[in-house]
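*Asks:* Contents of target33.cif (mmCIF, C-alpha atoms):
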```
data_work
#
loop_
_atom_site.label_atom_id
_atom_site.label_comp_id
_atom_site.auth_asym_id
_atom_site.auth_seq_id
_atom_site.Cartn_x
_atom_site.Cartn_y
_atom_site.Cartn_z
CA MET C 13 -13.18 16.68 18.99
CA ASP C 14 -10.50 19.36 18.86
CA ASP C 15 -11.01 21.73 21.81
CA ARG C 16 -9.55 24.94 20.38
CA GLY C 17 -11.83 27.95 20.17
CA PHE C 18 -12.10 31.41 18.66
CA ALA C 19 -8.76 32.84 19.84
CA SER C 20 -6.83 29.84 18.48
CA GLY C 21 -8.72 30.26 15.21
CA ILE C 22 -7.57 33.88 14.98
CA LYS C 23 -4.00 32.69 15.53
CA ALA C 24 -4.27 29.95 12.91
CA GLY C 25 -5.73 32.45 10.43
CA THR C 26 -3.04 35.09 10.88
CA SER C 27 -0.92 33.74 8.04
CA ILE C 28 -3.92 34.23 5.73
CA ALA C 29 -4.25 37.83 6.91
CA VAL C 30 -0.57 38.41 6.09
CA GLY C 31 -1.01 36.81 2.67
CA TYR C 32 -4.15 38.84 1.87
CA PHE C 33 -2.52 42.13 2.84
CA PRO C 34 -0.58 42.81 -0.39
CA ILE C 35 -3.29 41.36 -2.65
CA ALA C 36 -6.10 43.37 -1.07
CA LEU C 37 -3.97 46.50 -1.10
CA THR C 38 -3.30 46.07 -4.82
CA PHE C 39 -6.96 45.30 -5.46
CA GLY C 40 -7.98 48.57 -3.79
CA LEU C 41 -5.45 50.45 -5.86
CA LEU C 42 -6.46 48.80 -9.15
CA ALA C 43 -10.14 49.37 -8.38
CA LYS C 44 -9.38 53.07 -7.99
CA THR C 45 -7.56 53.24 -11.31
CA THR C 46 -10.47 51.35 -12.91
CA GLY C 47 -12.74 54.17 -11.74
CA LEU C 48 -14.47 52.59 -8.75
CA SER C 49 -15.18 54.79 -5.73
CA LEU C 50 -13.93 53.83 -2.27
CA LEU C 51 -17.42 52.63 -1.41
CA GLU C 52 -17.81 50.58 -4.59
CA ALA C 53 -14.41 48.92 -4.24
CA THR C 54 -14.83 48.11 -0.56
CA ALA C 55 -18.39 46.87 -1.11
CA MET C 56 -17.10 44.29 -3.56
CA SER C 57 -14.66 42.97 -0.98
CA ILE C 58 -17.35 43.03 1.72
CA PHE C 59 -20.09 41.25 -0.23
CA VAL C 60 -18.31 39.09 -2.78
CA TYR C 61 -15.09 38.23 -0.93
CA ALA C 62 -13.36 36.23 -3.65
CA GLY C 63 -9.87 37.34 -4.64
CA ALA C 64 -9.40 35.93 -8.13
CA ALA C 65 -12.97 36.72 -9.24
CA GLN C 66 -12.66 40.30 -8.00
CA TYR C 67 -9.44 40.88 -9.92
CA ILE C 68 -10.94 39.45 -13.10
CA SER C 69 -14.05 41.59 -12.70
CA LEU C 70 -11.90 44.73 -12.67
CA SER C 71 -10.29 43.90 -15.99
CA LEU C 72 -13.70 42.99 -17.44
CA ILE C 73 -15.22 46.26 -16.21
CA ALA C 74 -12.32 48.15 -17.77
CA ALA C 75 -12.90 46.26 -21.03
CA GLY C 76 -16.58 47.23 -20.96
CA VAL C 77 -17.87 43.64 -20.71
CA SER C 78 -21.55 43.32 -19.82
CA PRO C 79 -22.28 42.97 -16.06
CA LEU C 80 -24.22 39.78 -16.68
CA LEU C 81 -21.17 38.15 -18.22
CA ILE C 82 -19.06 39.31 -15.29
CA VAL C 83 -21.51 37.62 -12.89
CA LEU C 84 -21.44 34.45 -14.98
CA ASN C 85 -17.66 34.46 -15.02
CA THR C 86 -17.60 34.92 -11.25
CA PHE C 87 -19.74 31.81 -10.88
CA VAL C 88 -17.43 29.77 -13.09
CA VAL C 89 -14.32 30.93 -11.22
CA ASN C 90 -15.83 30.17 -7.81
CA ILE C 91 -17.63 26.90 -8.45
CA ARG C 92 -14.59 25.07 -7.09
CA HIS C 93 -15.70 26.10 -3.59
CA PHE C 94 -18.50 23.57 -3.97
CA LEU C 95 -15.92 20.83 -3.64
CA MET C 96 -14.11 22.53 -0.79
CA THR C 97 -17.18 23.11 1.37
CA ALA C 98 -18.36 19.53 0.76
CA SER C 99 -14.98 18.37 2.04
CA LEU C 100 -14.92 20.89 4.88
CA ASN C 101 -18.27 19.57 6.08
CA GLU C 102 -16.50 16.34 7.10
CA LYS C 103 -14.04 18.33 9.23
CA MET C 104 -16.40 20.68 11.10
CA GLN C 105 -18.42 19.80 14.18
CA PRO C 106 -22.16 19.22 13.65
CA GLU C 107 -23.88 22.57 13.94
CA LYS C 108 -27.21 24.29 13.34
CA LYS C 109 -27.76 24.88 9.64
CA TRP C 110 -28.19 28.64 9.90
CA ILE C 111 -24.86 28.97 11.67
CA LYS C 112 -23.15 26.92 8.97
CA ALA C 113 -24.89 29.02 6.32
CA LEU C 114 -23.40 32.05 8.05
CA TYR C 115 -19.79 30.93 8.21
CA ALA C 116 -19.97 29.32 4.76
CA PHE C 117 -19.63 32.88 3.44
CA GLY C 118 -16.04 32.96 4.71
CA VAL C 119 -14.79 29.79 3.01
CA THR C 120 -12.03 30.68 0.54
CA ASP C 121 -9.17 28.63 -0.91
CA GLU C 122 -7.08 29.88 1.99
CA SER C 123 -9.45 29.47 4.93
CA PHE C 124 -10.43 26.05 3.60
CA SER C 125 -6.78 24.99 3.38
CA VAL C 126 -6.03 26.15 6.93
CA LEU C 127 -9.12 24.47 8.39
CA ALA C 128 -8.99 21.21 6.45
CA THR C 129 -5.32 20.53 7.25
CA GLN C 130 -5.65 20.95 11.03
CA LYS C 131 -4.46 17.85 12.86
CA GLY C 132 -6.78 15.88 15.10
CA GLY C 133 -10.53 15.49 15.15
CA LYS C 134 -13.44 17.69 14.14
CA LEU C 135 -13.06 21.43 14.57
CA ARG C 136 -15.27 23.59 16.74
CA THR C 137 -17.40 26.19 14.98
CA SER C 138 -15.77 28.93 17.08
CA PHE C 139 -12.31 27.92 15.82
CA GLY C 140 -13.56 28.09 12.23
CA ILE C 141 -15.11 31.50 12.81
CA GLY C 142 -11.81 32.75 14.28
CA VAL C 143 -9.91 31.75 11.13
CA ILE C 144 -12.57 33.32 8.92
CA VAL C 145 -12.88 36.60 10.84
CA ILE C 146 -9.20 37.53 10.71
CA ALA C 147 -8.86 36.58 7.04
CA TYR C 148 -12.01 38.48 6.04
CA GLY C 149 -11.03 41.47 8.17
CA SER C 150 -7.67 41.69 6.45
CA TRP C 151 -9.26 41.45 2.98
CA VAL C 152 -11.85 44.17 3.58
CA ILE C 153 -9.68 46.60 5.55
CA PHE C 154 -6.72 46.47 3.19
CA THR C 155 -8.97 46.86 0.14
CA ALA C 156 -10.12 50.17 1.61
CA VAL C 157 -6.58 51.16 2.62
CA GLY C 158 -5.27 50.41 -0.88
CA HIS C 159 -7.94 52.65 -2.40
CA LEU C 160 -7.43 55.40 0.18
CA ILE C 161 -3.66 55.73 -0.01
CA GLY C 162 -3.77 55.10 -3.77
CA ALA C 163 -0.22 53.79 -3.74
CA ASN C 164 1.39 50.43 -3.46
CA LEU C 165 4.09 49.03 -1.21
CA PRO C 166 7.70 49.65 -2.24
CA HIS C 167 8.27 47.47 -5.29
CA PHE C 168 10.73 45.06 -3.69
CA LEU C 169 8.33 44.37 -0.80
CA GLN C 170 5.30 44.02 -3.08
CA ALA C 171 7.22 41.51 -5.20
CA ALA C 172 8.51 39.60 -2.17
CA MET C 173 5.06 39.46 -0.55
CA SER C 174 3.47 38.00 -3.66
CA ILE C 175 4.85 34.64 -2.52
CA ALA C 176 3.00 34.81 0.83
CA LEU C 177 -0.14 32.77 0.08
CA TYR C 178 1.78 30.12 -1.83
CA ALA C 179 4.30 29.86 1.00
CA MET C 180 1.34 29.38 3.33
CA PHE C 181 -0.04 26.55 1.17
CA VAL C 182 3.41 24.93 1.23
CA GLY C 183 3.61 25.37 5.00
CA LEU C 184 0.23 23.65 5.37
CA LEU C 185 1.01 20.80 2.99
CA VAL C 186 4.55 19.79 3.97
CA PRO C 187 3.90 18.66 7.58
CA SER C 188 1.21 16.27 6.30
CA MET C 189 3.50 14.97 3.56
CA ARG C 190 6.14 13.67 5.96
CA GLY C 191 6.08 9.89 5.88
CA ASN C 192 2.69 9.87 4.18
CA ARG C 193 2.89 8.64 0.61
CA LYS C 194 -0.85 9.09 0.12
CA VAL C 195 -0.68 12.83 0.83
CA VAL C 196 2.39 13.21 -1.41
CA SER C 197 0.63 11.37 -4.25
CA LEU C 198 -2.57 13.40 -3.86
CA ALA C 199 -0.72 16.71 -4.07
CA LEU C 200 1.63 15.57 -6.82
CA ILE C 201 -1.04 14.18 -9.15
CA ALA C 202 -3.27 17.23 -8.72
CA ALA C 203 -0.26 19.48 -9.33
CA LEU C 204 0.64 17.62 -12.53
CA ILE C 205 -2.89 17.66 -13.93
CA ASN C 206 -3.35 21.33 -13.04
CA SER C 207 0.00 22.21 -14.66
CA PHE C 208 -1.10 20.33 -17.75
CA PHE C 209 -4.25 22.46 -17.99
CA TYR C 210 -2.24 25.59 -17.30
CA PHE C 211 0.27 25.04 -20.07
CA THR C 212 -2.19 23.73 -22.66
CA GLY C 213 -4.76 26.39 -21.77
CA TRP C 214 -7.53 23.81 -22.12
CA LEU C 215 -9.30 24.92 -18.96
CA THR C 216 -9.45 28.27 -17.16
CA THR C 217 -7.95 28.42 -13.67
CA GLY C 218 -11.16 27.84 -11.70
CA TRP C 219 -12.15 24.74 -13.66
CA ALA C 220 -8.59 23.45 -13.82
CA ILE C 221 -8.29 23.46 -10.02
CA LEU C 222 -11.68 21.78 -9.65
CA VAL C 223 -11.01 19.04 -12.20
CA SER C 224 -7.43 18.28 -11.14
CA THR C 225 -8.39 18.14 -7.44
CA LEU C 226 -11.34 15.83 -8.04
CA ALA C 227 -9.43 13.59 -10.44
CA SER C 228 -6.53 13.17 -8.03
CA ALA C 229 -8.80 12.57 -5.00
CA ILE C 230 -10.85 9.92 -6.84
CA PHE C 231 -7.84 8.23 -8.42
CA ILE C 232 -6.01 7.86 -5.09
CA GLU C 233 -9.17 6.59 -3.40
CA ILE C 234 -9.55 3.88 -6.07
CA ILE C 235 -5.89 2.86 -5.70
CA SER C 236 -5.98 2.77 -1.91
CA SER C 237 -9.33 0.95 -1.71
CA LYS C 238 -7.86 -1.77 -3.93
CA GLY C 239 -4.91 -1.90 -1.52
CA ARG C 240 -7.29 -2.32 1.42
CA ARG C 241 -9.15 -5.19 -0.23
CA THR C 242 -6.12 -7.33 -1.09
CA MET A 20 -20.10 53.52 -11.90
CA GLY A 21 -23.87 53.53 -12.25
CA ALA A 22 -26.66 51.52 -10.66
CA TRP A 23 -25.69 48.56 -12.81
CA TYR A 24 -22.56 48.19 -10.67
CA TRP A 25 -24.60 47.49 -7.55
CA TRP A 26 -26.76 44.93 -9.35
CA MET A 27 -23.56 43.30 -10.54
CA ILE A 28 -22.21 43.18 -6.96
CA ILE A 29 -25.43 41.48 -5.80
CA GLY A 30 -25.16 38.97 -8.64
CA MET A 31 -21.50 38.26 -7.92
CA ALA A 32 -22.24 37.90 -4.21
CA VAL A 33 -25.04 35.38 -4.82
CA VAL A 34 -23.15 33.17 -7.28
CA THR A 35 -20.09 33.18 -5.02
CA TYR A 36 -22.08 32.41 -1.89
CA LEU A 37 -24.16 29.49 -3.20
CA PRO A 38 -21.29 27.04 -3.91
CA ARG A 39 -19.97 27.84 -0.44
CA ALA A 40 -23.23 27.44 1.44
CA ILE A 41 -25.10 24.63 -0.33
CA PRO A 42 -22.72 21.75 0.56
CA LEU A 43 -22.20 22.90 4.15
CA THR A 44 -25.90 23.15 4.92
CA PHE A 45 -27.27 20.38 2.71
CA LEU A 46 -24.77 17.78 3.94
CA GLU A 47 -25.25 18.62 7.64
CA GLY A 48 -26.34 15.49 9.51
CA ARG A 49 -26.23 13.30 6.40
CA GLU A 50 -24.07 10.21 6.37
CA LEU A 51 -22.40 9.86 2.96
CA PRO A 52 -21.26 6.50 1.54
CA PRO A 53 -17.75 5.62 2.84
CA ALA A 54 -16.17 5.87 -0.63
CA ILE A 55 -17.44 9.45 -1.05
CA GLN A 56 -16.28 10.33 2.46
CA ASN A 57 -12.81 9.05 1.59
CA VAL A 58 -12.70 11.11 -1.59
CA LEU A 59 -13.78 14.21 0.35
CA ARG A 60 -11.02 13.57 2.91
CA ASN A 61 -8.51 13.43 0.04
CA ILE A 62 -9.60 16.82 -1.30
CA PRO A 63 -7.54 19.12 0.99
CA TYR A 64 -4.17 17.66 -0.04
CA ALA A 65 -5.11 17.47 -3.70
CA VAL A 66 -6.36 21.08 -3.61
CA LEU A 67 -3.08 22.25 -2.08
CA GLY A 68 -1.13 20.54 -4.85
CA ALA A 69 -3.26 22.28 -7.48
CA LEU A 70 -3.21 25.66 -5.73
CA ILE A 71 0.58 25.62 -5.38
CA PHE A 72 1.54 24.29 -8.83
CA PRO A 73 2.22 25.77 -11.23
CA ALA A 74 1.06 29.18 -9.90
CA ILE A 75 3.87 29.50 -7.33
CA PHE A 76 6.37 29.87 -10.18
CA PHE A 77 4.50 32.77 -11.76
CA VAL A 78 4.00 35.19 -8.84
CA GLN A 79 6.12 37.71 -10.73
CA GLU A 80 7.03 38.11 -14.38
CA ASN A 81 10.60 37.19 -13.49
CA VAL A 82 10.28 33.42 -13.04
CA TRP A 83 13.33 33.36 -10.72
CA PHE A 84 11.13 34.94 -8.06
CA GLY A 85 8.88 31.93 -8.15
CA ILE A 86 11.69 29.39 -8.26
CA ILE A 87 13.59 30.99 -5.37
CA GLY A 88 10.38 31.59 -3.40
CA ALA A 89 9.22 28.01 -3.88
CA THR A 90 12.62 26.63 -2.89
CA ALA A 91 12.68 28.85 0.21
CA ALA A 92 9.12 27.86 1.20
CA PHE A 93 9.71 24.11 0.81
CA GLY A 94 13.15 24.38 2.43
CA ILE A 95 11.84 26.19 5.50
CA ALA A 96 8.77 23.95 5.73
CA PHE A 97 10.89 20.79 5.68
CA THR A 98 12.79 21.98 8.76
CA GLY A 99 9.47 21.58 10.60
CA ALA A 100 8.84 25.31 11.01
CA ASN A 101 5.26 26.50 11.59
CA VAL A 102 3.21 28.10 8.82
CA MET A 103 3.86 31.69 9.85
CA THR A 104 7.62 31.11 9.83
CA VAL A 105 7.38 29.61 6.34
CA VAL A 106 5.42 32.66 5.13
CA LEU A 107 7.63 35.34 6.71
CA GLY A 108 10.84 33.45 5.90
CA SER A 109 9.95 33.13 2.22
CA ILE A 110 9.06 36.83 2.04
CA ALA A 111 12.38 37.71 3.68
CA VAL A 112 14.37 35.56 1.26
CA LEU A 113 12.68 37.20 -1.75
CA ALA A 114 13.06 40.69 -0.28
CA VAL A 115 16.79 40.11 0.09
CA TYR A 116 16.95 38.64 -3.42
CA SER A 117 15.21 41.62 -5.02
CA VAL A 118 17.20 44.23 -3.11
CA TRP A 119 20.60 42.65 -3.77
CA PHE A 120 20.27 41.02 -7.14
CA LEU A 121 17.84 43.13 -9.17
#
```
Will you turn the file into structure tokens for me?
*Replies:*
Amino acid sequence: MDDRGFASGIKAGTSIAVGYFPIALTFGLLAKTTGLSLLEATAMSIFVYAGAAQYISLSLIAAGVSPLLIVLNTFVVNIRHFLMTASLNEKMQPEKKWIKALYAFGVTDESFSVLATQKGGKLRTSFGIGVIVIAYGSWVIFTAVGHLIGANLPHFLQAAMSIALYAMFVGLLVPSMRGNRKVVSLALIAALINSFFYFTGWLTTGWAILVSTLASAIFIEIISSKGRRT
Amino acid sequence: MGAWYWWMIIGMAVVTYLPRAIPLTFLEGRELPPAIQNVLRNIPYAVLGALIFPAIFFVQENVWFGIIGATAAFGIAFTGANVMTVVLGSIAVLAVYSVWFL
């Protein structure tokens, strides 16, 4: 088992905190212009903690869509986490169920990506909690800050920082790709299928990510299990 | 916002939490068939592919932002730099681009 603990988790999660900073700030600002109070905006980040779904909910609130539909849409957008936490379960050390139920709250696209791509064996719970705490802290604090200051970063910085989370995903993926055709194929096939859904508009983002990930993971497993047998 | 807002927050919180918590708790201590385990181990790299593409190209309305940002991120990552360097380096490249060229 990997022996890194809480402090190393904080360090590993810092790139998420940097990536969340501009998005949370903008969310706080947009929430204010949508008419949410500081408390209402921050509460959404505290209790829901799901970037894409929170952004969509703002535009739906502004459009006067019924709250029930907003909840339903949130479910559809976030159902992909089902796949991620099932996969993450293979990577985390065995732990009491209530503790896992507790840190499950902090699994996002970003914290999942950071945890699941760590080299070596199973991860300690304390490492996982470190990653989650700094990412969550950044999301909640900068939501409130965005609402409070009611202004955004200078435009050039806001635009430049919008690459942050994607750059992080690239930084997590590339080291595993080196000399590993399986990893390259997994990422490439999922990317192609997801792009297909994006450009045809056949599936919304949440479903598209779920379907393309699952399809690529199953396809590559079938190919490589055939390779093992022969 | 009225009371409905708080009911909506509770609803959003529950439907977001369940897909996160059910697999982690339900699968604890269960041994899955090897084929399923292999598929689950494939998920992280497939997810990264889907999270990066095509969204990385559309971070701004100006598609050049995405193209330059993606090139910078992959370029820096292939030098073997750590994740934080890839993130800050890509931001720096785009900051320079937007100050000088826009």
*Asks:* Using all atoms listed in the file, find which residues of chain A lie within 6 Å of chain C and jot them down as a PyMOL selection string.
*Replies:* chain A and resi 27+30-32+34-36+38-40+42-44+58-59+61-62+64-66+68-69+71-73+75+78+92+96+102-103+105-106+110+113-114+117
*Asks:* When you draw a straight line from CA of Phe76 (chain A) to CA of Thr104 (chain A), how long is it in Å?
*Replies:*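 These two atoms are separated by 20.1 Å.
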*Asks:* Could you spell out the hits of the PyMOL selection byres ((chain C and resi 138) around 10) on the shown file, as a ChimeraX atom specification?
*Replies:* /C:15-22,105,115,135-137,139-144
*Asks:* CA of Leu41 (chain C) to CA of Gly162 (chain C): how many Å, to one decimal?
*Replies:* 5.4 Å
*Asks:* Axis-aligned box over every listed atom of region 100-116 of chain A, padded by 8 Å per side: centre and edges in Å to one decimal, as AutoDock Vina command-line options?
*Replies:*
```
--center_x 10.1 --center_y 33.0 --center_z 4.1 --size_x 29.7 --size_y 31.4 --size_z 31.0
```
*Asks:* Mind giving me the straight-line distance from CA of Leu160 (chain C) to CA of Gly40 (chain C) in Å, one decimal?
*Replies:* 7.9 Å
*Asks:* With a cut-off of 8 Å, could you pull out the residues of region 96-196 of chain C touching region 34-37 of chain C and give me the nearest pair of atoms for each, distance in Å to one decimal, using all atoms listed in the file, ordered by chain and ascending number, as a Markdown table?
*Replies:*
```
| residue | atom | partner | partner_atom | distance |
| --- | --- | --- | --- | --- |
| C:Ser150 | CA | C:Ala36 | CA | 7.9 |
| C:Trp151 | CA | C:Ala36 | CA | 5.5 |
| C:Val152 | CA | C:Ala36 | CA | 7.4 |
| C:Phe154 | CA | C:Leu37 | CA | 5.1 |
| C:Thr155 | CA | C:Ala36 | CA | 4.7 |
| C:Ala156 | CA | C:Leu37 | CA | 7.7 |
| C:Val157 | CA | C:Leu37 | CA | 6.5 |
| C:Gly158 | CA | C:Leu37 | CA | 4.1 |
| C:His159 | CA | C:Leu37 | CA | 7.4 |
| C:Asn164 | CA | C:Leu37 | CA | 7.1 |
| C:Leu165 | CA | C:Pro34 | CA | 7.8 |
| C:Gln170 | CA | C:Pro34 | CA | 6.6 |
| C:Met173 | CA | C:Pro34 | CA | 6.6 |
| C:Ser174 | CA | C:Pro34 | CA | 7.1 |
```
